[in-house]
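What follows is the content of run-v3.cif (mmCIF, C-alpha atoms).
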```
data_upload
loop_
_atom_site.group_PDB
_atom_site.id
_atom_site.type_symbol
_atom_site.label_atom_id
_atom_site.label_comp_id
_atom_site.auth_asym_id
_atom_site.auth_seq_id
_atom_site.Cartn_x
_atom_site.Cartn_y
_atom_site.Cartn_z
ATOM 1 C CA ARG A 1 16.434 8.203 -41.252
ATOM 2 C CA TYR A 2 19.763 6.429 -41.734
ATOM 3 C CA ASN A 3 18.442 3.761 -44.061
ATOM 4 C CA PRO A 4 20.780 3.497 -47.073
ATOM 5 C CA GLU A 5 17.719 2.951 -49.274
ATOM 6 C CA ASN A 6 16.851 6.618 -48.634
ATOM 7 C CA LEU A 7 20.238 7.868 -49.822
ATOM 8 C CA ALA A 8 19.280 8.388 -53.481
ATOM 9 C CA THR A 9 16.255 10.462 -52.445
ATOM 10 C CA LEU A 10 18.337 12.544 -50.043
ATOM 11 C CA GLU A 11 21.041 13.092 -52.693
ATOM 12 C CA ARG A 12 18.394 14.354 -55.129
ATOM 13 C CA TYR A 13 17.150 16.661 -52.387
ATOM 14 C CA VAL A 14 20.661 18.098 -51.968
ATOM 15 C CA GLU A 15 20.724 18.826 -55.707
ATOM 16 C CA THR A 16 17.290 20.463 -55.452
ATOM 17 C CA GLN A 17 18.554 22.668 -52.618
ATOM 18 C CA ALA A 18 21.478 23.757 -54.793
ATOM 19 C CA LYS A 19 19.271 24.559 -57.793
ATOM 20 C CA GLU A 20 16.520 26.321 -55.840
ATOM 21 C CA ASN A 21 18.762 28.197 -53.382
ATOM 22 C CA ALA A 22 17.199 26.347 -50.442
ATOM 23 C CA TYR A 23 18.953 24.873 -47.417
ATOM 24 C CA ASP A 24 18.155 21.959 -45.090
ATOM 25 C CA LEU A 25 20.960 21.212 -42.642
ATOM 26 C CA GLU A 26 19.281 18.165 -41.099
ATOM 27 C CA ALA A 27 18.817 16.436 -44.447
ATOM 28 C CA ASN A 28 22.384 17.270 -45.444
ATOM 29 C CA LEU A 29 23.771 15.882 -42.182
ATOM 30 C CA ALA A 30 21.732 12.712 -42.762
ATOM 31 C CA VAL A 31 23.446 12.276 -46.146
ATOM 32 C CA LEU A 32 26.882 12.713 -44.594
ATOM 33 C CA LYS A 33 26.000 10.270 -41.799
ATOM 34 C CA LEU A 34 24.867 7.703 -44.386
ATOM 35 C CA TYR A 35 28.203 8.143 -46.157
ATOM 36 C CA GLN A 36 29.933 7.418 -42.836
ATOM 37 C CA PHE A 37 27.913 4.237 -42.381
ATOM 38 C CA ASN A 38 28.204 3.242 -46.059
ATOM 39 C CA PRO A 39 31.534 4.516 -47.426
ATOM 40 C CA ALA A 40 31.044 2.710 -50.740
ATOM 41 C CA PHE A 41 28.153 5.088 -51.515
ATOM 42 C CA PHE A 42 30.218 8.259 -50.988
ATOM 43 C CA GLN A 43 29.629 10.885 -53.699
ATOM 44 C CA THR A 44 32.161 13.705 -53.995
ATOM 45 C CA GLY A 45 29.791 15.956 -55.945
ATOM 46 C CA VAL A 46 26.980 15.696 -53.411
ATOM 47 C CA THR A 47 29.412 16.238 -50.532
ATOM 48 C CA ALA A 48 30.796 19.317 -52.286
ATOM 49 C CA GLN A 49 27.287 20.725 -52.675
ATOM 50 C CA ILE A 50 26.572 20.119 -48.987
ATOM 51 C CA LEU A 51 29.783 21.893 -47.952
ATOM 52 C CA LEU A 52 29.074 24.846 -50.251
ATOM 53 C CA LYS A 53 25.532 25.188 -48.903
ATOM 54 C CA ALA A 54 26.908 25.069 -45.342
ATOM 55 C CA LEU A 55 29.364 27.856 -46.221
ATOM 56 C CA THR A 56 26.416 30.067 -47.098
ATOM 57 C CA ASN A 57 25.191 29.750 -43.517
ATOM 58 C CA LEU A 58 28.306 31.112 -41.824
ATOM 59 C CA PRO A 59 28.854 32.308 -39.110
ATOM 60 C CA HIS A 60 26.682 29.442 -37.861
ATOM 61 C CA THR A 61 28.524 26.182 -37.172
ATOM 62 C CA ASP A 62 26.965 24.204 -40.037
ATOM 63 C CA PHE A 63 30.189 24.097 -42.048
ATOM 64 C CA THR A 64 32.155 22.746 -39.086
ATOM 65 C CA LEU A 65 29.497 20.107 -38.426
ATOM 66 C CA CYS A 66 29.572 18.954 -42.038
ATOM 67 C CA LYS A 67 33.360 19.060 -42.246
ATOM 68 C CA CYS A 68 33.685 16.837 -39.162
ATOM 69 C CA MET A 69 31.436 14.191 -40.690
ATOM 70 C CA ILE A 70 33.642 13.629 -43.734
ATOM 71 C CA ASP A 71 36.136 10.789 -43.546
ATOM 72 C CA GLN A 72 39.700 12.129 -43.527
ATOM 73 C CA ALA A 73 40.557 9.861 -46.455
ATOM 74 C CA HIS A 74 38.284 12.061 -48.594
ATOM 75 C CA VAL A 75 39.779 15.251 -47.188
ATOM 76 C CA LEU A 76 43.474 14.514 -47.548
ATOM 77 C CA GLY A 77 43.615 11.478 -49.795
ATOM 78 C CA PRO A 78 46.705 9.297 -49.825
ATOM 79 C CA GLY A 79 49.603 11.749 -49.635
ATOM 80 C CA GLY A 80 47.195 14.593 -50.377
ATOM 81 C CA GLY A 81 47.420 18.259 -49.479
ATOM 82 C CA ARG A 82 47.248 19.605 -45.980
ATOM 83 C CA PHE A 83 46.345 22.854 -44.311
ATOM 84 C CA LEU A 84 48.897 24.880 -42.423
ATOM 85 C CA GLY A 85 47.653 27.401 -39.912
ATOM 86 C CA PHE A 86 49.128 30.629 -38.658
ATOM 87 C CA SER A 87 52.586 29.655 -37.508
ATOM 88 C CA ARG A 88 54.224 33.009 -38.125
ATOM 89 C CA GLY A 89 53.488 34.728 -34.844
ATOM 90 C CA GLY A 90 50.153 36.460 -35.368
ATOM 91 C CA THR A 91 50.599 37.798 -38.887
ATOM 92 C CA SER A 92 47.438 38.441 -40.816
ATOM 93 C CA ALA A 93 48.494 36.352 -43.813
ATOM 94 C CA PRO A 94 45.965 33.750 -44.932
ATOM 95 C CA PRO A 95 46.578 30.083 -44.207
ATOM 96 C CA PHE A 96 48.572 28.194 -46.786
ATOM 97 C CA PHE A 97 47.312 25.151 -48.612
ATOM 98 C CA PHE A 98 49.749 22.826 -50.261
ATOM 99 C CA PRO A 99 47.613 20.761 -52.614
ATOM 100 C CA LYS A 100 49.741 18.071 -54.194
ATOM 101 C CA PHE A 101 47.942 18.182 -57.548
ATOM 102 C CA SER A 102 49.137 17.089 -60.946
ATOM 103 C CA LEU A 103 47.486 15.814 -64.083
ATOM 104 C CA ASP A 104 48.617 12.247 -63.415
ATOM 105 C CA LEU A 105 46.980 11.903 -59.997
ATOM 106 C CA PRO A 106 45.001 8.736 -59.429
ATOM 107 C CA LYS A 107 41.321 9.076 -60.302
ATOM 108 C CA MET A 108 40.291 8.957 -56.627
ATOM 109 C CA GLN A 109 42.403 11.994 -55.719
ATOM 110 C CA GLN A 110 41.239 13.942 -58.801
ATOM 111 C CA GLU A 111 37.608 13.289 -57.818
ATOM 112 C CA GLU A 112 38.130 14.491 -54.245
ATOM 113 C CA ARG A 113 39.940 17.683 -55.177
ATOM 114 C CA PRO A 114 36.743 19.789 -54.939
ATOM 115 C CA ILE A 115 36.325 18.821 -51.289
ATOM 116 C CA ARG A 116 39.826 20.038 -50.451
ATOM 117 C CA GLN A 117 39.244 23.249 -52.402
ATOM 118 C CA ILE A 118 35.975 23.933 -50.561
ATOM 119 C CA LEU A 119 37.594 23.243 -47.187
ATOM 120 C CA TYR A 120 40.260 25.787 -48.076
ATOM 121 C CA LEU A 121 37.588 28.344 -49.025
ATOM 122 C CA GLY A 122 35.868 27.629 -45.722
ATOM 123 C CA GLU A 123 39.079 28.182 -43.786
ATOM 124 C CA LEU A 124 39.557 31.529 -45.532
ATOM 125 C CA LEU A 125 36.021 32.622 -44.626
ATOM 126 C CA GLU A 126 36.216 31.368 -41.045
ATOM 127 C CA THR A 127 39.463 33.265 -40.499
ATOM 128 C CA CYS A 128 38.064 36.452 -42.070
ATOM 129 C CA HIS A 129 40.417 36.475 -45.070
ATOM 130 C CA PHE A 130 37.638 37.733 -47.303
ATOM 131 C CA GLN A 131 39.763 39.160 -50.095
ATOM 132 C CA SER A 132 41.682 35.890 -50.368
ATOM 133 C CA PHE A 133 38.381 33.987 -50.305
ATOM 134 C CA TRP A 134 36.931 35.936 -53.242
ATOM 135 C CA GLN A 135 40.168 35.595 -55.182
ATOM 136 C CA ALA A 136 40.346 31.828 -54.574
ATOM 137 C CA LEU A 137 36.669 31.467 -55.450
ATOM 138 C CA ASP A 138 37.185 33.401 -58.667
ATOM 139 C CA GLU A 139 39.963 30.971 -59.597
ATOM 140 C CA ASN A 140 37.698 27.963 -58.876
ATOM 141 C CA MET A 141 34.311 29.010 -60.239
ATOM 142 C CA GLU A 142 33.731 25.489 -61.569
ATOM 143 C CA LEU A 143 32.964 24.514 -57.953
ATOM 144 C CA LEU A 144 29.769 26.579 -58.121
ATOM 145 C CA GLU A 145 28.261 24.809 -61.132
ATOM 146 C CA GLY A 146 24.687 23.959 -60.207
ATOM 147 C CA ILE A 147 24.694 26.128 -57.055
ATOM 148 C CA THR A 148 22.194 28.960 -57.405
ATOM 149 C CA GLY A 149 22.809 32.184 -55.479
ATOM 150 C CA PHE A 150 26.007 31.084 -53.723
ATOM 151 C CA GLU A 151 27.847 34.401 -53.913
ATOM 152 C CA ASP A 152 24.865 36.438 -52.738
ATOM 153 C CA SER A 153 24.211 34.002 -49.891
ATOM 154 C CA VAL A 154 27.814 34.198 -48.684
ATOM 155 C CA ARG A 155 27.688 38.003 -48.666
ATOM 156 C CA LYS A 156 24.651 37.991 -46.343
#
```

Could you spell out this file's structure in structure tokens?
Amino acid sequence: RYNPENLATLERYVETQAKENAYDLEANLAVLKLYQFNPAFFQTGVTAQILLKALTNLPHTDFTLCKCMIDQAHVLGPGGGRFLGFSRGGTSAPPFFFPKFSLDLPKMQQEERPIRQILYLGELLETCHFQSFWQALDENMELLEGITGFEDSVRK
């Protein structure tokens, strides 16, 4: 199951899930676990697809499970953005995300930007900021390339 020789097959399966609007949590968790064991094989695109597929299964805990299996270096990056929660005494404002993005970011941080964007979308959904979620998604539609039926799945 956690043999790195199986990783290419599992990554292709993640892509098949995205194209065919299917979902297999166990296979996706196996990919993330293999990335933990073999950080040199980490693929941002595959991880992004796994996170997006997990978002479609909310309110189940799949997204949290997947999120916890990703190395923090890929989430924040060196000096990367960070999430700030509700520190203003119970207001209903959405959480703030301060992404430290610019065009001259190192290649590694540019590649991992989708993961941070998806985690932000997940936080919006998990905290029931639906209008903000749809607005943020609309501004980042490139994240959904290759993901069939994402919007309909999230609405269910």

* Please provide the set of residues having any atom within 8 Å of Phe150 in chain A, restricted to only C-alpha atoms, with same-chain residues fewer than 2 positions apart removed, written as an NGL selection string. => :A and (21 or 52-53 or 56 or 144 or 147-148 or 152-154)

Using the chain letters and numbering of this document, enumerate as a short mmCIF file (atom, residue, chain, number, x, y, z; two decimals) with C-alpha atoms, in the coordinates of the input the residues selected by the PyMOL selection byres ((chain A and resi 68-72) around 12).
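What ended up in expr.cif:
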```cif
data_model
loop_
_atom_site.label_atom_id
_atom_site.label_comp_id
_atom_site.auth_asym_id
_atom_site.auth_seq_id
_atom_site.Cartn_x
_atom_site.Cartn_y
_atom_site.Cartn_z
CA ASN A 28 22.38 17.27 -45.44
CA LEU A 29 23.77 15.88 -42.18
CA ALA A 30 21.73 12.71 -42.76
CA VAL A 31 23.45 12.28 -46.15
CA LEU A 32 26.88 12.71 -44.59
CA LYS A 33 26.00 10.27 -41.80
CA LEU A 34 24.87 7.70 -44.39
CA TYR A 35 28.20 8.14 -46.16
CA GLN A 36 29.93 7.42 -42.84
CA PHE A 37 27.91 4.24 -42.38
CA ASN A 38 28.20 3.24 -46.06
CA PRO A 39 31.53 4.52 -47.43
CA ALA A 40 31.04 2.71 -50.74
CA PHE A 42 30.22 8.26 -50.99
CA GLN A 43 29.63 10.88 -53.70
CA THR A 44 32.16 13.70 -54.00
CA VAL A 46 26.98 15.70 -53.41
CA THR A 47 29.41 16.24 -50.53
CA ALA A 48 30.80 19.32 -52.29
CA ILE A 50 26.57 20.12 -48.99
CA LEU A 51 29.78 21.89 -47.95
CA THR A 61 28.52 26.18 -37.17
CA ASP A 62 26.96 24.20 -40.04
CA PHE A 63 30.19 24.10 -42.05
CA THR A 64 32.16 22.75 -39.09
CA LEU A 65 29.50 20.11 -38.43
CA CYS A 66 29.57 18.95 -42.04
CA LYS A 67 33.36 19.06 -42.25
CA ALA A 73 40.56 9.86 -46.46
CA HIS A 74 38.28 12.06 -48.59
CA VAL A 75 39.78 15.25 -47.19
CA LEU A 76 43.47 14.51 -47.55
CA GLY A 77 43.62 11.48 -49.80
CA PRO A 78 46.70 9.30 -49.82
CA GLY A 79 49.60 11.75 -49.64
CA GLY A 80 47.20 14.59 -50.38
CA GLY A 81 47.42 18.26 -49.48
CA ARG A 82 47.25 19.60 -45.98
CA GLU A 112 38.13 14.49 -54.24
CA ILE A 115 36.33 18.82 -51.29
CA ARG A 116 39.83 20.04 -50.45
CA LEU A 119 37.59 23.24 -47.19
#
```

* To do: Would you please work out which residue, of A:Gln117, A:Glu20, A:Glu123, A:Cys128, is nearest to Met141 in chain A when using all atoms listed in the file?
  =>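 Answer, going by the shortest atom-to-atom distance: A:Gln117.
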
* Asked: Quick one: distance from CA of Ala27 in chain A to CA of Glu11 in chain A in Å, one decimal?
  ->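 So the answer is 9.2 Å.
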
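Using all atoms listed in the file, the smallest distance between any of A:Tyr13, A:Tyr2, A:Phe133, A:Tyr120 and Glu151 in chain A comes from A:Phe133.
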
* Asked: What is the CA of Asn3 in chain A-CA of Gln17 in chain A distance in Å, reported with one decimal?
  -> 20.8 Å

* Which of these, A:Glu126, A:Phe41, A:Glu139, A:Gln49, has the shortest distance to Lys19 in chain A once you count all atoms listed in the file? ->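 Among A:Glu126, A:Phe41, A:Glu139, A:Gln49, it is A:Gln49 that comes nearest to Lys19 in chain A.
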
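Straight-line separation from CA of Ala22 in chain A to CA of Ser132 in chain A: 26.3 Å.
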
* To do: Excluding Phe130 in chain A and any residue of its chain fewer than 4 positions from it, enumerate the residues within 12 Å of it, using all atoms listed in the file, and give them as a list in words.
  => Ser92, Ala93, Pro94, Leu121, Gly122, Glu123, Leu124, Leu125, Glu126, Trp134, Gln135, Ala136, Leu137, Val154 and Arg155 of chain A

For the selection just defined, write its residues with C-alpha atoms to a file, as a PDB file, in the frame of the given file.
```
ATOM      1  CA  SER A  92      47.438  38.441 -40.816  1.00  0.00           C
ATOM      2  CA  ALA A  93      48.494  36.352 -43.813  1.00  0.00           C
ATOM      3  CA  PRO A  94      45.965  33.750 -44.932  1.00  0.00           C
ATOM      4  CA  LEU A 121      37.588  28.344 -49.025  1.00  0.00           C
ATOM      5  CA  GLY A 122      35.868  27.629 -45.722  1.00  0.00           C
ATOM      6  CA  GLU A 123      39.079  28.182 -43.786  1.00  0.00           C
ATOM      7  CA  LEU A 124      39.557  31.529 -45.532  1.00  0.00           C
ATOM      8  CA  LEU A 125      36.021  32.622 -44.626  1.00  0.00           C
ATOM      9  CA  GLU A 126      36.216  31.368 -41.045  1.00  0.00           C
ATOM     10  CA  TRP A 134      36.931  35.936 -53.242  1.00  0.00           C
ATOM     11  CA  GLN A 135      40.168  35.595 -55.182  1.00  0.00           C
ATOM     12  CA  ALA A 136      40.346  31.828 -54.574  1.00  0.00           C
ATOM     13  CA  LEU A 137      36.669  31.467 -55.450  1.00  0.00           C
ATOM     14  CA  VAL A 154      27.814  34.198 -48.684  1.00  0.00           C
ATOM     15  CA  ARG A 155      27.688  38.003 -48.666  1.00  0.00           C
TER      16      ARG A 155
END
```

* Have a look at A:Asn140, A:Thr16, A:Asn57, A:Gln131 and name the one nearest to Ile118 in chain A; count all atoms listed in the file. =>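 Selected residue with least distance to Ile118 in chain A: A:Asn140.
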